Every structure is written in C-alpha cells, then in structure tokens.
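Notes follow once the structure below has been shown.
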Amino acid sequence: MKEFIPKPLPFTQTVETTKVLKKTISANRALARLNGVAKIIPNQAILINSLVLQEAKDSSEIENIITTHDELYRASLNIADVTNEAKEVQNYSSALLKGYGLVTENKLLLKKYIVEIQEELEQNSAGVRKQSGTNLKNAHTGEVIFTPPQEYETLQNLLSNLEKFINEPNDVDPLINMAIIHYQFETIHPFYDGNGRTGRIINILYLILQGLLDIPILYLSRYIIQNKSDYYRLLQEVRTEGKLEEWILYMLDGVEQTALETIELVESIYGLMQETASILKERLPKIYSKDLIEILFMHPYTKIDFLVTRLSITRKTASSYLKQIEDLELLGSIKIGRSKYFINKELFKLLHKGI
Ligand SMILES: Nc1ncnc2c1ncn2[C@@H]1O[C@H](COP(=O)(O)OP(=O)(O)OP(=O)(O)O)[C@@H](O)[C@H]1O
Ligand SMILES: [Mg+2]
C-alpha cells in the first residue's frame, strides 16, 4: 500500500464550521468549570495523582495492556512483584508526569520533549522511526488500513511542522487545535510503537500549554474506549475523505462529556475528604489534622512512612494513628512482604467506579 503523507499544518479547509463553533462553546464551558472546581481540593497533588493513575490504566487498555486498580496502586508505590502490565501502566504515568514537568517548566511542547515522553513510555531509545515497514492494521482482519510516512526525513519535517503549529499562536479555538494536532500526530505516526498513547499525552499537555487547565486532570481515554470504533473510523475518514468536521466534533464531545464526569468525581472526592475529616475530628480529635487527611487521600494505599515523613512523628506513633483509623473502619490493611499497607477503602471504591 502506498504511504499516506499528511498535508502540513495549518489545514487550508475551514475548521470552524457552525456546528463546530457551537460545540466548542459548550465544551469550553465544561472544561472551565472543571478547572475551577478542581481548586476546592486543598492539595492539588491529590487530584493529579489519582487521575494520572486512572488515565494510565485507561489509556493502556486501548493498547490491550490490562491491569487491575490494585496492581496499579501497588506498582506506583514500588511494591515488589507487580506484573509486566502494571509496570507498563506505571511507565505511562511517569511519561505523562515527565511531559507535564517539561511543559510547565518551559512553556513549550517541543518535538524533543515528545520523543522524551515516548522513550519514557516505551523504556527504550529507538526514537523516531528510521526503518520502513510500519503499517496500521485492522486488529481483527489484519488488513492494512493505512501506511504512514516511511522516510526518516519526511517524519522529521512533519514533526517540525507540528511543533510549530503547537507552539506558535493562531486564532483558532485551542480545543479545535487539539483535535487537529491529535489527527496529525497519529497520521505522522512517528514511532515504532506507543503512538496512540503518546498522542493522548500530547492532548492533555496541549490543554495545559494553552492555559485551559492548570493541572492535568482531563483525560479522553475512557471516552475513546467507550467509542473506540468511531475513534479509528473518524481518524481514517479524515485521511480518506477529508471529513475533518466529524473528527473535530467527536473530540469536542469527548472533552465536554469527560469534563462533566470529572467534575462529579472531583466533587465526590471532596465530599469524602470532608466526611472523613468530620469523623476523625469527632472520634479521634487528638490525632486529627488537615495534613493527616491529605495523606490518606494522596494515594489509595498509605504507608506508615508517609505519616512519619509528613507529620514528623515516630514510626510507633504513626502506626498507632493508622491502627486507630482502621478501627473506625475508614482504612483496611494488608501485609505485602514485610510491609503493612493501609487502604482508603472509600477512595478506592470511588476511583474504581471511575469517572
Ligand atoms: N484502524 C485504525 N484506523 C485509524 N487509526 C488507527 C487505527 N488503528 C490504530 N490507529 C491509530 O494508531 C494508534 C496506535 O498506534 P501504536 O500501536 O503505535 O500506539 P500504542 O500507544 O502502542 O497503541 P494504542 O493507541 O492502541 O494504545 C491508535 O491509537 C490510533 O490513533
Ligand atoms: Mg502499539
């Protein structure tokens, strides 16, 4: 099959159609509300942590890397004996956080950062494809759907063009740009593997770069899983039929739906934090503190060490605190190897239910 070389950006065809503009308004409104609501959580790391893990799980699932919440939480705490799948999901989460660090620090999303993100994700340094032979196949029939550009130089030129489009201002709505960037990136398909996952990380980093979100909390992977055949079909129809409008509408709808669902999740986490705080204040007033609540919500698994470090208390005291909270049935405990871990059961349930 002949390779398909995408046109460089910006596209000449009109992207701001009436339908698209209308959807842009509601999607932006939902996103802005999410950005505001997130601030009710006292420590933003709580949201970043839990949502990044959730996204790592969902995004990897698109690639058929399946793990459980439990394995995932263990992997993120470096608890031994995790499965390869959980390790891969963990790599996704560190790639995402690496990208978030690079973008907030440099206020740019450069080609070289994209390569770094993909290398972190795949844990190798293959970089941009140098050998030809990469095709996109239908997962069921094995039939080749499209052949991305093959020449190293073509890939580099297209990536430079994309870099310019990402970082230089234009007057199109950033959410529309995000949809275009995702299409273009997946069509360039610059790596041997991990293009889908890297492309999904670019989406969230672009929203941060554009100032639409202050922290990385809007992830489309769950929406994509639920609408997966549309995802593949619409991407492909941009290539074959130039149907850009449908693709953009699909992505805008994803932003809107996901923002609304994430608002609910943030509110539930907040509600649970308040409930936990009021129980501790009433039943264990001597050990209650805001910091303690934050530790219990920073991660679904809590360790004695977390309290020792954050509250500057001895291991013995920390262990007694956790035991007392466990007695109130706010925490469950398990022993893995020689260490004891405490699980925030209600938070676990909330995240398990997902957004
Ligand atoms: N049938 C298809 N039609 C259009 N685009 C496709 C099709 N199959 C895959 N793609 C694009 O290629 C990506 C997969 O490429 P690759 O395997 O390099 O990425 P990945 O991150 O390993 O996988 P995944 O996206 O499944 O998690 C998809 O996410 C999608 O964007
Ligand atoms: Mg793959």
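In the structure tokens, the first chain shown is A, the next is B, and so on; residue numbers restart at 1 for each chain, and ligands run from 1 in the order shown.
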
Which polymer residues have any atom within 10 Å of an atom of Asp214 in chain A, counting only C-alpha atoms, with same-chain residues fewer than 6 positions away left out, as a list of chain:residue names?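 Selected residues are A:Asn35, A:Gly36, A:Ala38, A:Lys39, A:Gln44, A:Thr104, A:Leu207, A:Ile208.
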
Neighbours of ligand 1 within 10 Å, counting only C-alpha atoms and all ligand atoms, as a PyMOL selection string? chain A and resi 58-65+92+118+121-122+134-140+142-146+148+182-201+221+224-225+228-239

Find the residues near range 80-91 of chain A: any atom within 10 Å, counting only C-alpha atoms, skip ones fewer than 2 places away on the same chain, and give them as a ChimeraX atom specification. /A:52-61,64-78,93-97,117-123,336-337

As an exercise, work out the distance from CA of Ser289 in chain A to CA of Arg33 in chain A in Å and give it to one decimal place.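 CA of Arg33 in chain A lies 29.3 Å from CA of Ser289 in chain A.
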
Between A:Pro285, A:Gly99, A:Pro42, A:Gly211, which is the closest to Leu175 in chain A once you count only C-alpha atoms? A:Gly211

Surrounding residues of range 265-270 of chain A excluding itself and chain neighbours under 4 positions, 8 Å, only C-alpha atoms, as a ChimeraX atom specification: /A:37-38,40-41,47,261,274,347,350,354-355

Write down as JSON, numbers by chain the residues belonging to range 24-273 of chain A that are assigned alpha helix (DSSP H) by DSSP computed on the backbone. {"A": [24, 25, 26, 27, 28, 29, 30, 31, 32, 33, 34, 35, 36, 37, 44, 45, 46, 47, 48, 49, 50, 51, 52, 53, 54, 55, 56, 57, 58, 59, 60, 61, 62, 69, 70, 71, 72, 73, 74, 75, 76, 84, 85, 86, 87, 88, 89, 90, 91, 92, 93, 94, 95, 96, 97, 98, 99, 100, 101, 102, 103, 104, 105, 106, 111, 112, 113, 114, 115, 116, 117, 118, 119, 120, 121, 122, 152, 153, 154, 155, 156, 157, 158, 159, 160, 161, 162, 163, 164, 165, 166, 167, 174, 175, 176, 177, 178, 179, 180, 181, 182, 183, 184, 185, 186, 187, 188, 195, 196, 197, 198, 199, 200, 201, 202, 203, 204, 205, 206, 207, 208, 209, 221, 222, 223, 224, 225, 226, 228, 229, 230, 231, 232, 233, 234, 235, 236, 237, 238, 239, 240, 241, 244, 245, 246, 247, 248, 249, 250, 251, 252, 253, 254, 255, 256, 257, 258, 259, 260, 261, 262, 263, 264, 265, 266, 267, 268, 269, 270, 271, 272, 273]}

One residue among A:Ile343, A:Tyr321, A:Leu102, A:Tyr301 is nearest to Ile79 in chain A when using only C-alpha atoms, and that residue is A:Tyr301

Shortest interatomic distance to Phe306 in chain A - which of A:Lys243, A:Leu331, A:Phe342, A:Pro8, counting only C-alpha atoms: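 Among the listed residues, A:Phe342 lies closest to Phe306 in chain A.
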
For CA of Phe297 in chain A and CA of Asn28 in chain A, quote the distance in Å rounded to one decimal.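 Separation between CA of Phe297 in chain A and CA of Asn28 in chain A: 28.8 Å.
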
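Of the residues under consideration (A:Leu292, A:Leu280, A:Ala30, A:Leu9), A:Ala30 shows the shortest atom-to-atom contact distance to Glu264 in chain A when counting only C-alpha atoms.
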
Identify, on the basis of only C-alpha atoms, every residue whose closest approach to range 248-255 of chain A does not exceed 8 Å; exclude the query and any residue fewer than 2 positions from it along the same chain; express the result as a PyMOL selection string. chain A and resi 19-20+23-24+27+31+175-176+179-180+218+220+223-224+231+244-246+257-259

Interatomic distance, CA of Tyr341 in chain A to CA of Ile325 in chain A (Å, one decimal): 12.9 Å

Out of range 194-354 of chain A, which residues get strand (DSSP E or B) from DSSP, as a compact mmCIF listing (two decimals) with C-alpha atoms, in the first residue's frame?
# COMPACT_ATOMS: atom_id res chain seq x y z
CA TYR A 301 -2.58 2.98 49.69
CA THR A 302 -0.99 4.62 52.72
CA LYS A 303 2.21 3.51 54.41
CA LEU A 331 -8.98 2.11 56.41
CA GLY A 332 -8.38 -1.53 55.62
CA SER A 333 -4.94 -3.07 55.95
CA ILE A 334 -2.92 -5.68 54.11
CA LYS A 335 0.53 -7.11 54.51
CA ILE A 336 2.74 -7.40 51.46
CA SER A 339 5.38 -4.11 55.00
CA LYS A 340 1.93 -3.23 56.07
CA TYR A 341 -0.24 -1.04 53.85
CA PHE A 342 -3.46 0.72 54.63
CA ILE A 343 -6.15 1.21 52.03
CA ASN A 344 -8.53 4.12 51.98
